[in-house]
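*Asks:* My questions all concern the structure below.
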Amino acid sequence: MSCLRGIVTLVALSATACNQAPESREYEVHGQILRIDAERQEVLVDHDDIEGFMPAMVMPYKVQDVGLLDGKEPGDLVTATLVVEEVNAYLSTLTTTGHAPIRTAETGQLVTATDLLNDGDVVPNTPMVDQEGTLMSIESLRGHRVALTFIYTRCPLPDFCPLMDQRFAELQRDIAQSSELADVRLVSVTLDPEFDTSDVLRAHAETLDADPDLWHFVTGDRDEVLGFAKRFGVLAEPGAASTVLHNLRTAVIDPEGRLVTAYSGNMWTLAELVADLKADPAPAR
């Protein structure tokens with residue numbers, strides 16, 4: 001399955017102890033249509049913050065009912081309902097509230113299908129440096145299964161970067177306790193590389209009791225780091241008061257440096273990530 005499940009369709013996977021499908025979640029979306037692709041049942045929307053889910057962004061969204069696109073055109077101001085289910089996400093309503101010229105110069109960033117890595121693609125060998133000041137790249141982790149996510153140390157939203165840190169800290173404990181996961185390495189890529197130097201990342205890693213041999217916090221040239229993030233469908237831009245506006249993506253990479261799968265948002269569970277890591281064969285020793 002393509003990794004577009006996370007960024008284009010915003011697929012969110014979750015699990016319950018009783019193996020019952022969790023209830024779907026609904027979010028209200030306000031924005032402007034930039035492009036319509038009826039054949040793909042997709043609409044590109046420049047939207048405001050989606051409270052409780054993601055910051056303002058230019059994103060493509062699927063519609064389950066292609067009839068929702070009838071009569072719509074680029075420039076329409078819309079209100080929509082985003083439904084996030086266990087293995088699916090889509091707009092269930094799409095209502096035109098007005099029309100305005102598309103302000104191209106002010107439109108936010110955009111991730112296109114050609115930007116994105118697909119499952120099975122080799123992850124770019126972008127040079128970065130970790131919290132110990134050691135040069136590293138995904139290629140340097142060949143022979144290890146890798147869990148990779150994106151954070152920044154000044155992130156104020158508990159359900160964003162701090163939650164990713166928390167889950168990776170839990171995963172680090174699982175790795176230490178499970179021979180099945182002994183080869184797994186963790187990578188947290190900063191989205192604020194100008195502030196998050198190796199020294200800053202080292203101090204941050206220490207607060208999480210991160211083992212530097214197992215969990216790498218990496219930074220580098222801003223353009224290269226953000227270009228690397230974009231290949232995973234992550235967009236980041238400066239916000240107010242030293243914040244960074246960004247979406248969330250967490251990926252599993254195989255020992256050959258190929259993308260196995262990627263999760264969007266914060267609704268994935270540690271159990272799901274561990275299952276994906278275990279599903280990919282451990283390298284021969």
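All residue names refer to the structure tokens as shown: chains lettered A, B, ... in order, residues numbered from 1 in each chain, ligands numbered from 1 in order.
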Tell me which protein, DNA and RNA residues are within 7 Å of Phe232 in chain A, counting only C-alpha atoms, leaving out same-chain ones fewer than 4 positions away, and put them as number ranges by chain.

*Replies:* A: 116-117, 249

*Asks:* May I have the residues from that selection written out with N, CA and C atoms, as a short mmCIF file (atom, residue, chain, number, x, y, z; two decimals), in the first residue's frame?

*Replies:*
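Contents of the output file result.cif:
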```cif
data_model
loop_
_atom_site.label_atom_id
_atom_site.label_comp_id
_atom_site.auth_asym_id
_atom_site.auth_seq_id
_atom_site.Cartn_x
_atom_site.Cartn_y
_atom_site.Cartn_z
N LEU A 116 6.31 12.79 -2.44
CA LEU A 116 6.21 11.78 -1.40
C LEU A 116 6.93 10.48 -1.73
N LEU A 117 7.54 9.91 -0.70
CA LEU A 117 8.04 8.56 -0.79
C LEU A 117 6.87 7.59 -0.76
N ARG A 249 4.27 13.08 11.13
CA ARG A 249 4.44 11.83 10.38
C ARG A 249 5.45 10.97 11.13
#
```

*Asks:* Which residues are close to range 139-155 of chain A, i.e. within 6 Å by only C-alpha atoms, leaving aside same-chain residues fewer than 6 positions away? Reply as a VMD selection string.

*Replies:* chain A and resid 125 161 183 to 192 250 to 256

*Asks:* Would you write out those residues with N, CA and C atoms, as a PDB file, in the first residue's frame?

*Replies:*
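Resulting contents of selection10.pdb:
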```pdb
ATOM      1  N   ASN A 125      19.347   9.804   1.362  1.00  0.00           N
ATOM      2  CA  ASN A 125      20.524   9.731   2.219  1.00  0.00           C
ATOM      3  C   ASN A 125      20.983  11.141   2.603  1.00  0.00           C
ATOM      4  N   CYS A 161       4.819  17.253  19.364  1.00  0.00           N
ATOM      5  CA  CYS A 161       6.178  16.721  19.588  1.00  0.00           C
ATOM      6  C   CYS A 161       6.339  16.020  20.940  1.00  0.00           C
ATOM      7  N   ASP A 183      17.651  -4.863  17.201  1.00  0.00           N
ATOM      8  CA  ASP A 183      18.347  -4.128  16.140  1.00  0.00           C
ATOM      9  C   ASP A 183      17.709  -2.772  15.834  1.00  0.00           C
ATOM     10  N   VAL A 184      16.530  -2.490  16.375  1.00  0.00           N
ATOM     11  CA  VAL A 184      15.778  -1.287  16.007  1.00  0.00           C
ATOM     12  C   VAL A 184      16.495  -0.028  16.509  1.00  0.00           C
ATOM     13  N   ARG A 185      16.510   0.985  15.686  1.00  0.00           N
ATOM     14  CA  ARG A 185      17.056   2.284  16.057  1.00  0.00           C
ATOM     15  C   ARG A 185      15.972   3.345  15.864  1.00  0.00           C
ATOM     16  N   LEU A 186      16.036   4.389  16.664  1.00  0.00           N
ATOM     17  CA  LEU A 186      15.060   5.468  16.641  1.00  0.00           C
ATOM     18  C   LEU A 186      15.720   6.742  16.133  1.00  0.00           C
ATOM     19  N   VAL A 187      14.986   7.491  15.329  1.00  0.00           N
ATOM     20  CA  VAL A 187      15.491   8.760  14.804  1.00  0.00           C
ATOM     21  C   VAL A 187      14.400   9.816  14.964  1.00  0.00           C
ATOM     22  N   SER A 188      14.743  10.911  15.645  1.00  0.00           N
ATOM     23  CA  SER A 188      13.851  12.056  15.770  1.00  0.00           C
ATOM     24  C   SER A 188      14.499  13.225  15.041  1.00  0.00           C
ATOM     25  N   VAL A 189      13.849  13.681  13.974  1.00  0.00           N
ATOM     26  CA  VAL A 189      14.391  14.744  13.126  1.00  0.00           C
ATOM     27  C   VAL A 189      13.771  16.076  13.548  1.00  0.00           C
ATOM     28  N   THR A 190      14.604  17.063  13.858  1.00  0.00           N
ATOM     29  CA  THR A 190      14.077  18.359  14.257  1.00  0.00           C
ATOM     30  C   THR A 190      13.528  19.128  13.057  1.00  0.00           C
ATOM     31  N   LEU A 191      12.443  19.847  13.292  1.00  0.00           N
ATOM     32  CA  LEU A 191      11.877  20.735  12.276  1.00  0.00           C
ATOM     33  C   LEU A 191      12.266  22.184  12.546  1.00  0.00           C
ATOM     34  N   ASP A 192      13.182  22.389  13.491  1.00  0.00           N
ATOM     35  CA  ASP A 192      13.671  23.719  13.854  1.00  0.00           C
ATOM     36  C   ASP A 192      15.198  23.662  13.926  1.00  0.00           C
ATOM     37  N   THR A 250       5.154   9.699  11.214  1.00  0.00           N
ATOM     38  CA  THR A 250       6.064   8.742  11.848  1.00  0.00           C
ATOM     39  C   THR A 250       6.201   7.552  10.914  1.00  0.00           C
ATOM     40  N   ALA A 251       7.437   7.135  10.669  1.00  0.00           N
ATOM     41  CA  ALA A 251       7.697   6.138   9.627  1.00  0.00           C
ATOM     42  C   ALA A 251       8.472   4.947  10.158  1.00  0.00           C
ATOM     43  N   VAL A 252       8.298   3.817   9.483  1.00  0.00           N
ATOM     44  CA  VAL A 252       9.091   2.612   9.703  1.00  0.00           C
ATOM     45  C   VAL A 252       9.937   2.390   8.454  1.00  0.00           C
ATOM     46  N   ILE A 253      11.232   2.164   8.649  1.00  0.00           N
ATOM     47  CA  ILE A 253      12.181   1.988   7.552  1.00  0.00           C
ATOM     48  C   ILE A 253      12.869   0.642   7.737  1.00  0.00           C
ATOM     49  N   ASP A 254      13.027  -0.118   6.648  1.00  0.00           N
ATOM     50  CA  ASP A 254      13.586  -1.463   6.764  1.00  0.00           C
ATOM     51  C   ASP A 254      15.117  -1.423   6.788  1.00  0.00           C
ATOM     52  N   PRO A 255      15.777  -2.566   7.026  1.00  0.00           N
ATOM     53  CA  PRO A 255      17.242  -2.580   7.128  1.00  0.00           C
ATOM     54  C   PRO A 255      17.973  -2.185   5.852  1.00  0.00           C
ATOM     55  N   GLU A 256      17.253  -2.166   4.725  1.00  0.00           N
ATOM     56  CA  GLU A 256      17.862  -1.730   3.463  1.00  0.00           C
ATOM     57  C   GLU A 256      17.608  -0.256   3.184  1.00  0.00           C
TER      58      GLU A 256
END
```

*Asks:* Name all residues at most 9 Å from Val29 in chain A (count only C-alpha atoms; drop same-chain ones fewer than 5 positions away) and give them as a list in words.

*Replies:*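 Surrounding residues, per the criterion: His47, Asp48, Asp49, Ile50, Glu51, Val78, Thr79, Ala80, Thr81 and Leu82 of chain A.
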
*Asks:* Would you return as a list in words the members of range 16-151 of chain A that DSSP assigns to helix (DSSP H, G or I) on this structure's backbone?

*Replies:*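 Of range 16-151 of chain A, the ones in helix (DSSP H, G or I) are Val66, Gly67, Leu68, Leu69, Thr104, Ala105, Glu106, Ile138, Glu139, Ser140 and Leu141 of chain A.
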
*Asks:* Determine the nearest neighbour of Ala279 in chain A from the options A:Leu235, A:Ala38, A:Val225, A:Val260, counting only C-alpha atoms.

*Replies:*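 Answer, going by the shortest atom-to-atom distance: A:Val260.
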
*Asks:* For a quick check of understanding, using only C-alpha atoms, which of A:Val123, A:Ile102, A:Leu69, A:Ala89 has the smallest distance to Arg258 in chain A?

*Replies:*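 The closest residue to Arg258 in chain A is A:Val123.
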